[in-house]
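upload-v7.cif, holding mmCIF, C-alpha atoms:
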data_query
loop_
_atom_site.label_atom_id
_atom_site.label_comp_id
_atom_site.auth_asym_id
_atom_site.auth_seq_id
_atom_site.Cartn_x
_atom_site.Cartn_y
_atom_site.Cartn_z
CA MET M 154 -74.43 -34.62 119.02
CA LYS M 155 -76.04 -36.48 121.93
CA TYR M 156 -77.20 -34.60 125.03
CA ILE M 157 -77.51 -36.42 128.36
CA SER M 158 -79.44 -35.60 131.52
CA PHE M 159 -80.29 -38.10 134.28
CA SER M 160 -82.38 -37.89 137.45
CA LEU M 161 -81.13 -38.65 140.93
CA PHE M 162 -83.28 -41.78 140.92
CA THR M 163 -81.45 -43.09 137.87
CA THR M 164 -78.18 -42.27 139.55
CA MET M 165 -79.03 -44.31 142.62
CA THR M 166 -80.05 -47.36 140.60
CA THR M 167 -77.12 -47.54 138.17
CA LEU M 168 -73.99 -47.00 140.27
CA PHE M 169 -71.14 -49.50 139.91
CA PHE M 170 -68.43 -49.79 142.56
CA THR M 171 -64.89 -51.03 142.08
CA GLY M 172 -62.19 -50.45 144.67
CA CYS M 173 -62.29 -46.93 146.03
CA ALA M 174 -63.84 -44.88 143.23
CA THR M 175 -67.42 -44.99 142.00
CA PHE M 176 -67.88 -45.57 138.27
CA ASP M 177 -70.48 -44.89 135.58
CA CYS M 178 -72.46 -42.39 137.62
CA PRO M 179 -74.98 -40.84 135.22
CA LEU M 180 -74.52 -37.16 134.57
CA GLU M 181 -76.60 -34.86 136.72
CA LYS M 182 -76.12 -31.98 134.26
CA THR M 183 -77.05 -31.60 130.60
CA LEU M 184 -73.84 -31.63 128.57
CA PRO M 185 -73.06 -31.84 124.81
CA VAL M 186 -71.32 -35.21 125.14
CA SER M 187 -71.88 -38.95 125.03
CA GLN M 188 -71.14 -41.09 128.08
CA LEU M 189 -69.05 -44.21 127.50
CA PRO M 190 -68.97 -47.30 129.74
CA LEU M 191 -66.37 -47.24 132.53
CA HIS M 192 -66.96 -50.06 134.99
CA HIS M 193 -63.56 -50.81 136.52
CA ALA M 194 -60.38 -49.01 137.58
CA SER M 195 -58.42 -51.17 135.15
CA ASP M 196 -60.23 -49.44 132.26
CA SER M 197 -58.04 -46.36 132.82
CA ALA M 198 -54.32 -46.23 133.61
CA ASP M 199 -54.80 -43.00 135.57
CA ILE M 200 -57.62 -44.42 137.66
CA SER M 201 -55.74 -47.67 138.24
CA ARG M 202 -52.80 -45.71 139.62
CA SER M 203 -54.93 -43.41 141.82
CA ASN M 204 -57.91 -45.59 142.71
CA TRP M 205 -56.75 -46.33 146.26
CA SER M 206 -57.15 -42.63 147.11
CA MET M 207 -60.41 -41.96 145.26
CA SER M 208 -63.01 -42.95 147.83
CA GLY M 209 -65.99 -40.61 147.56
CA LEU M 210 -65.17 -39.58 143.99
CA CYS M 211 -67.28 -40.43 140.97
CA VAL M 212 -65.62 -41.07 137.59
CA ARG M 213 -67.31 -40.84 134.19
CA ARG M 214 -65.86 -41.32 130.71
CA LEU M 215 -67.21 -38.87 128.14
CA SER M 216 -66.72 -38.38 124.42
CA PHE M 217 -67.63 -35.98 121.64
CA LYS M 218 -66.84 -35.69 117.95
CA GLU M 219 -65.18 -32.81 116.16
CA GLY M 220 -65.19 -33.65 112.48
CA LYS M 221 -63.37 -36.99 112.17
CA HIS M 222 -61.73 -36.59 115.57
CA THR M 223 -63.22 -38.29 118.62
CA TRP M 224 -62.21 -36.70 121.92
CA ARG M 225 -62.35 -38.73 125.13
CA LEU M 226 -62.44 -37.27 128.62
CA LEU M 227 -62.60 -38.31 132.25
CA LEU M 228 -64.92 -36.29 134.46
CA VAL M 229 -64.27 -36.73 138.19
CA THR M 230 -66.42 -35.12 140.89
CA ASN M 231 -66.68 -35.24 144.66
CA MET M 232 -70.05 -36.84 145.40
CA GLU M 233 -70.46 -35.36 148.90
CA HIS M 234 -69.03 -31.91 148.08
CA PRO M 235 -69.66 -31.25 144.35
CA HIS M 236 -69.57 -27.46 144.68
CA GLY M 237 -65.92 -26.46 144.83
CA PRO M 238 -62.89 -25.64 142.65
CA PHE M 239 -62.93 -27.28 139.23
CA TRP M 240 -59.74 -28.17 137.34
CA PHE M 241 -58.81 -28.91 133.72
CA LEU M 242 -55.99 -31.32 132.78
CA PRO M 243 -55.24 -31.25 129.04
CA HIS M 244 -52.24 -33.60 128.85
CA ASP M 245 -52.60 -37.34 129.46
CA ASN M 246 -48.84 -37.90 129.87
CA GLU M 247 -48.64 -35.69 132.98
CA ASN M 248 -49.37 -38.28 135.67
CA THR M 249 -48.37 -36.12 138.61
CA ALA M 250 -50.92 -33.50 137.56
CA PHE M 251 -53.67 -36.15 137.54
CA ASP M 252 -52.71 -37.47 140.98
CA ALA M 253 -52.62 -33.89 142.28
CA ALA M 254 -56.12 -33.28 140.88
CA VAL M 255 -57.40 -36.29 142.83
CA TYR M 256 -55.92 -34.79 145.98
CA ALA M 257 -57.45 -31.38 145.23
CA VAL M 258 -60.96 -32.75 144.69
CA LYS M 259 -60.76 -35.03 147.73
CA THR M 260 -59.58 -32.14 149.89
CA TYR M 261 -61.61 -29.18 148.62
CA GLY M 262 -64.56 -30.73 146.76
CA GLY M 263 -65.55 -29.85 143.21
CA GLY M 264 -64.09 -31.87 140.38
CA PHE M 265 -61.84 -32.01 137.34
CA LEU M 266 -61.93 -32.77 133.63
CA SER M 267 -59.01 -34.69 132.11
CA VAL M 268 -58.33 -35.37 128.42
CA GLU M 269 -57.63 -39.03 127.60
CA SER M 270 -55.11 -39.74 124.83
CA ASN M 271 -53.62 -43.15 125.66
CA GLY M 272 -51.05 -41.68 128.00
CA GLN M 273 -49.68 -39.33 125.33
CA ARG M 274 -49.42 -35.55 125.24
CA PHE M 275 -51.18 -35.35 121.86
CA SER M 276 -54.53 -36.77 120.82
CA GLN M 277 -54.37 -37.99 117.21
CA GLY M 278 -51.74 -35.36 116.49
CA LYS M 279 -53.57 -32.52 118.23
CA ASP M 280 -52.34 -30.79 121.40
CA PRO M 281 -55.42 -30.47 123.65
CA ASN M 282 -54.00 -27.27 125.14
CA ARG M 283 -53.35 -25.66 121.75
CA HIS M 284 -56.80 -26.25 120.32
CA PHE M 285 -58.86 -23.46 121.89
CA LYS M 286 -59.92 -21.63 118.76
CA PRO M 287 -62.91 -19.31 119.20
CA GLY M 288 -66.23 -20.81 118.14
CA THR M 289 -65.05 -24.39 117.52
CA ILE M 290 -66.78 -27.55 118.77
CA TYR M 291 -63.78 -28.39 120.94
CA THR M 292 -63.69 -25.01 122.65
CA GLN M 293 -67.44 -24.84 123.15
CA THR M 294 -67.61 -28.39 124.53
CA ILE M 295 -64.64 -28.21 126.90
CA LEU M 296 -65.62 -24.78 128.22
CA GLY M 297 -69.25 -25.90 128.40
CA ILE M 298 -68.32 -28.77 130.72
CA ILE M 299 -66.01 -26.63 132.84
CA ASP M 300 -68.59 -23.85 133.14
CA ALA M 301 -71.28 -26.35 134.15
CA TYR M 302 -69.24 -27.35 137.22
CA LYS M 303 -66.99 -24.37 138.00
CA PRO M 304 -68.33 -21.87 140.54
CA GLY M 305 -68.66 -18.59 138.67
CA THR M 306 -66.60 -16.66 141.21
CA LEU M 307 -63.53 -18.90 140.93
CA PRO M 308 -60.75 -18.71 138.32
CA TYR M 309 -60.24 -21.24 135.55
CA LEU M 310 -57.84 -23.70 137.15
CA THR M 311 -55.45 -26.07 135.40
CA LEU M 312 -52.74 -28.49 136.48
CA HIS M 313 -49.60 -29.39 134.55
CA SER M 314 -46.41 -31.32 135.28
CA ASN M 315 -43.27 -30.78 133.24
CA LYS M 316 -39.79 -32.16 132.62
CA GLU M 317 -36.56 -31.21 134.38
CA GLY M 318 -34.99 -27.91 133.35
CA HIS M 319 -35.34 -26.15 130.00
CA VAL M 320 -34.08 -27.33 126.62
CA LYS M 321 -32.39 -23.95 126.09
CA LEU M 322 -30.27 -24.58 129.18
CA GLY M 323 -29.53 -28.25 128.59
CA GLY M 324 -32.66 -29.59 130.25
CA GLU M 325 -35.65 -31.49 128.87
CA GLY M 326 -38.61 -29.18 129.49
CA THR M 327 -40.15 -26.12 127.86
CA ILE M 328 -40.94 -23.99 130.91
CA SER M 329 -38.56 -22.74 133.58
CA MET M 330 -38.17 -19.79 135.92
CA ARG M 331 -34.68 -19.35 134.44
CA VAL M 332 -35.96 -18.60 130.92
CA CYS M 333 -37.58 -15.26 130.10
CA SER M 334 -39.34 -13.78 127.07
CA ASN M 335 -40.55 -10.36 125.97
CA HIS M 336 -44.19 -11.01 126.91
CA ILE M 337 -43.86 -13.44 129.85
CA LEU M 338 -42.89 -11.79 133.10
CA THR M 339 -40.85 -14.02 135.42
CA CYS M 340 -41.37 -13.25 139.12
CA PRO M 341 -39.43 -15.53 141.50
CA ALA M 342 -40.28 -15.83 145.19
CA GLY M 343 -36.70 -15.76 146.40
CA ASP M 344 -33.97 -18.09 145.19
CA ILE M 345 -34.50 -20.37 142.18
CA GLU M 346 -33.13 -23.87 142.71
CA CYS M 347 -32.06 -26.25 139.93
CA GLY M 348 -32.01 -30.02 139.88
CA GLN M 349 -34.41 -32.92 140.09
CA ASN M 350 -37.47 -32.25 142.29
CA ARG M 351 -36.04 -29.49 144.49
CA GLY M 352 -39.39 -28.52 145.97
CA ILE M 353 -41.30 -25.26 145.84
CA ARG M 354 -38.20 -23.22 144.87
CA ASP M 355 -37.45 -25.51 141.91
CA GLU M 356 -37.12 -23.71 138.58
CA ASP M 357 -39.87 -25.97 137.18
CA CYS M 358 -42.43 -25.24 139.94
CA LEU M 359 -44.51 -22.12 139.43
CA VAL M 360 -47.96 -20.60 139.12
CA TYR M 361 -48.65 -19.49 135.55
CA LEU M 362 -51.03 -16.56 135.10
CA ALA M 363 -52.26 -14.84 131.95
CA GLY M 364 -54.13 -11.68 131.09
CA GLU M 365 -54.17 -8.63 128.86
CA LYS M 366 -52.53 -6.62 131.65
CA VAL M 367 -50.09 -7.74 134.33
CA ASP M 368 -51.84 -8.33 137.67
CA LYS M 369 -49.17 -7.13 140.09
CA LYS M 370 -51.40 -7.68 143.12
CA GLU M 371 -51.95 -11.36 142.28
CA ILE M 372 -48.26 -11.87 141.61
CA ARG M 373 -47.37 -10.29 144.95
CA THR M 374 -49.91 -12.45 146.79
CA LEU M 375 -48.51 -15.66 145.33
CA ASN M 376 -44.89 -14.58 145.82
CA ASP M 377 -45.65 -13.78 149.46
CA MET M 378 -46.91 -17.35 149.81
CA GLY M 379 -43.52 -18.61 148.61
CA MET M 380 -44.44 -19.50 145.03
CA HIS M 381 -42.67 -18.53 141.82
CA VAL M 382 -44.92 -16.87 139.22
CA LYS M 383 -44.88 -16.37 135.47
CA PHE M 384 -47.37 -13.91 133.97
CA GLU M 385 -48.08 -13.97 130.24
CA THR M 386 -49.36 -10.76 128.68
CA VAL M 387 -51.79 -11.87 125.96
CA ASN M 388 -52.99 -10.13 122.81
CA LYS M 389 -54.57 -11.28 119.54
CA GLN M 390 -51.32 -10.97 117.59
CA ARG M 391 -49.64 -13.57 119.83
CA TYR M 392 -52.69 -15.79 120.33
CA ASP M 393 -51.45 -19.40 120.62
CA ASN M 394 -54.78 -21.29 120.94
CA SER M 395 -54.07 -22.21 124.58
CA LEU M 396 -56.68 -22.13 127.32
CA SER M 397 -54.75 -19.40 129.13
CA ASN M 398 -54.83 -17.17 126.05
CA TYR M 399 -58.50 -17.91 125.40
CA ILE M 400 -59.53 -16.96 128.94
CA ALA M 401 -57.42 -13.79 128.82
CA LEU M 402 -59.01 -12.57 125.59
CA TYR M 403 -62.51 -14.02 125.58
CA ARG M 404 -63.28 -14.25 129.30
CA PRO M 405 -61.51 -11.04 130.45
CA ASP M 406 -63.60 -10.81 133.62
CA SER M 407 -62.26 -14.20 134.75
CA LYS M 408 -58.83 -15.23 135.97
CA TYR M 409 -56.65 -18.17 134.92
CA PHE M 410 -54.28 -20.10 137.22
CA ASN M 411 -52.04 -22.98 136.18
CA ILE M 412 -50.14 -24.78 138.93
CA GLU M 413 -47.05 -26.24 137.29
CA THR M 414 -44.56 -28.62 138.91
CA GLU M 415 -41.92 -31.08 137.84
CA GLU M 416 -43.21 -34.54 136.95
CA GLY M 417 -42.86 -36.83 139.96
CA ASP M 418 -42.96 -34.05 142.56
CA LEU M 419 -46.49 -34.69 143.82
CA SER M 420 -45.82 -33.35 147.32
CA THR M 421 -44.89 -29.91 145.95
CA GLN M 422 -47.92 -29.77 143.68
CA LYS M 423 -50.17 -30.60 146.64
CA LYS M 424 -48.48 -27.87 148.69
CA MET M 425 -49.00 -25.34 145.89
CA ILE M 426 -52.64 -26.36 145.49
CA ASP M 427 -53.18 -25.73 149.20
CA ARG M 428 -51.65 -22.27 148.95
CA VAL M 429 -53.48 -21.23 145.79
CA ILE M 430 -56.84 -22.45 147.09
CA LYS M 431 -56.24 -20.57 150.34
CA SER M 432 -55.82 -17.37 148.34
CA ILE M 433 -58.90 -17.73 146.09
CA TYR M 434 -61.51 -19.91 147.80
CA THR M 435 -63.58 -19.86 150.97
CA PRO M 436 -65.71 -23.03 151.37
#

Can the structure from this file be put into structure tokens for me?
Amino acid sequence: MKYISFSLFTTMTTLFFTGCATFDCPLEKTLPVSQLPLHHASDSADISRSNWSMSGLCVRRLSFKEGKHTWRLLLVTNMEHPHGPFWFLPHDNENTAFDAAVYAVKTYGGGFLSVESNGQRFSQGKDPNRHFKPGTIYTQTILGIIDAYKPGTLPYLTLHSNKEGHVKLGGEGTISMRVCSNHILTCPAGDIECGQNRGIRDEDCLVYLAGEKVDKKEIRTLNDMGMHVKFETVNKQRYDNSLSNYIALYRPDSKYFNIETEEGDLSTQKKMIDRVIKSIYTP
């Protein structure tokens, strides 16, 4: 596996500019990945869609191999304010989550890591958010990149966007404040509204937490800020290979936050990002 580390001098002499984002910035950290060429916004559907709002952000395309599988990633960082919240986006079909990540990094600094899979949820048949098995190349590489950029005091942060409603209730999605389970506590912040993009009270808009024990204080804080919360109690018998479960069991001193909204409701995801960051981060 190829390891990359570049000096600031190299960075200054090899930048390429297209539109609003900066491309092909060499990595300033040593990471277990290869860097692939990315010269123009048109080389990525996500960047093409968001490029107009990406001034000051640097975009790199990374890759690594796991057996016969080649994983591709986009690493985006704020060049002027690189030390800030860092986000992970596992699903390439969740466009609202990507656009929200751009907003978060522009507003609060830091960066995000996004899996590329040709606009699909799965990468060569693998779900990037159900592939966190302890000790594997995938887990070590993804967590290695996140840990290289994430401030140690901040939670592991992810962004997802979902479909309207829940399949069990006639909808299209797989997560909803209206559906409960034995090990996922559902904690609404007031009324739950149903329908397409109903804002912060929408059944599909929530903060998803996970841990071995329910964190009532965190739930109360988020509820008091007007946000619905789901809290998954994790143990090894129910381990589902998700990042939330991995952090709960193998990084028990850290917290995990997923800000989940309905696809297309970017304004609500931005609002929720603002509220979550206010509760966990002081610049």

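Against the coordinates shown, the PyMOL selection byres ((chain M and resi 426-434) around 8) returns Pro238, Ala257, Leu307, Thr374, Leu375, Met378, Ile412, Gln422, Lys423, Lys424, Met425, Thr435 and Pro436 of chain M.
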
The PyMOL selection byres ((chain M and resi 254) around 12) on the file shown: which residues, as number ranges by chain?
M: 199-200, 203, 206-207, 210, 227-231, 238-242, 247-253, 255-267, 310-314, 412, 419, 422-423, 425-427

Distance in Å - CA of Cys211 in chain M versus CA of Cys178 in chain M
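Taking CA of Cys211 in chain M and CA of Cys178 in chain M, their separation equals 6.5 Å.
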
Give the answer as one residue: which of M:Pro304, M:Gly297, M:Asp177, M:Thr223 has the shortest atom-to-atom distance to His236 in chain M, using all atoms listed in the file?
M:Pro304

Assuming the chain letters and numbering stay as they are in my file, what does the PyMOL selection byres ((chain M and resi 298) around 10) actually select? List them as a list of chain:residue names.
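After applying the PyMOL selection byres ((chain M and resi 298) around 10), what remains is M:Lys182, M:Thr183, M:Leu184, M:Pro185, M:Val186, M:Leu228, M:Phe241, M:Phe265, M:Leu266, M:Gln293, M:Thr294, M:Ile295, M:Leu296, M:Gly297, M:Ile299, M:Asp300, M:Ala301, M:Tyr302, M:Lys303.
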
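The space between CA of Cys173 in chain M and CA of Pro235 in chain M spans 17.4 Å.
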
Residue among M:Gly417, M:Ser195, M:Lys389, M:Glu181 lying closest to Lys286 in chain M, counting all atoms listed in the file
M:Lys389

Provide the CA of Val382 in chain M to CA of His284 in chain M distance in Å, to one decimal place.
24.2 Å

Pick out the residues sitting within 7 Å of Met380 in chain M, and hand them over as number ranges by chain; count all atoms listed in the file, and ignore anything fewer than 5 positions along from it in its own chain.
M: 342, 353, 359-360, 375

Name all residues at most 9 Å from Ala401 in chain M (count all atoms listed in the file; drop same-chain ones fewer than 3 positions away) and give them as a VMD selection string.
chain M and resid 363 to 365 386 to 388 396 to 398 404 to 409

Of the candidates M:Arg331, M:Arg283, M:Lys366, M:His319, which shows the shortest atom-to-atom distance to Ser395 in chain M, using all atoms listed in the file?
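Answer, going by the shortest atom-to-atom distance: M:Arg283.
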
Pick from M:Ile372, M:Cys347, M:Ile290, M:Cys358, whichever lies nearest to Gly324 in chain M using only C-alpha atoms
M:Cys347

Considering only C-alpha atoms, state which residue in the set M:Glu346, M:Arg225, M:Gly237, M:Thr175 is at the smallest distance from Thr306 in chain M.
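Looking only at the distances to Thr306 in chain M, the closest residue turns out to be M:Gly237.
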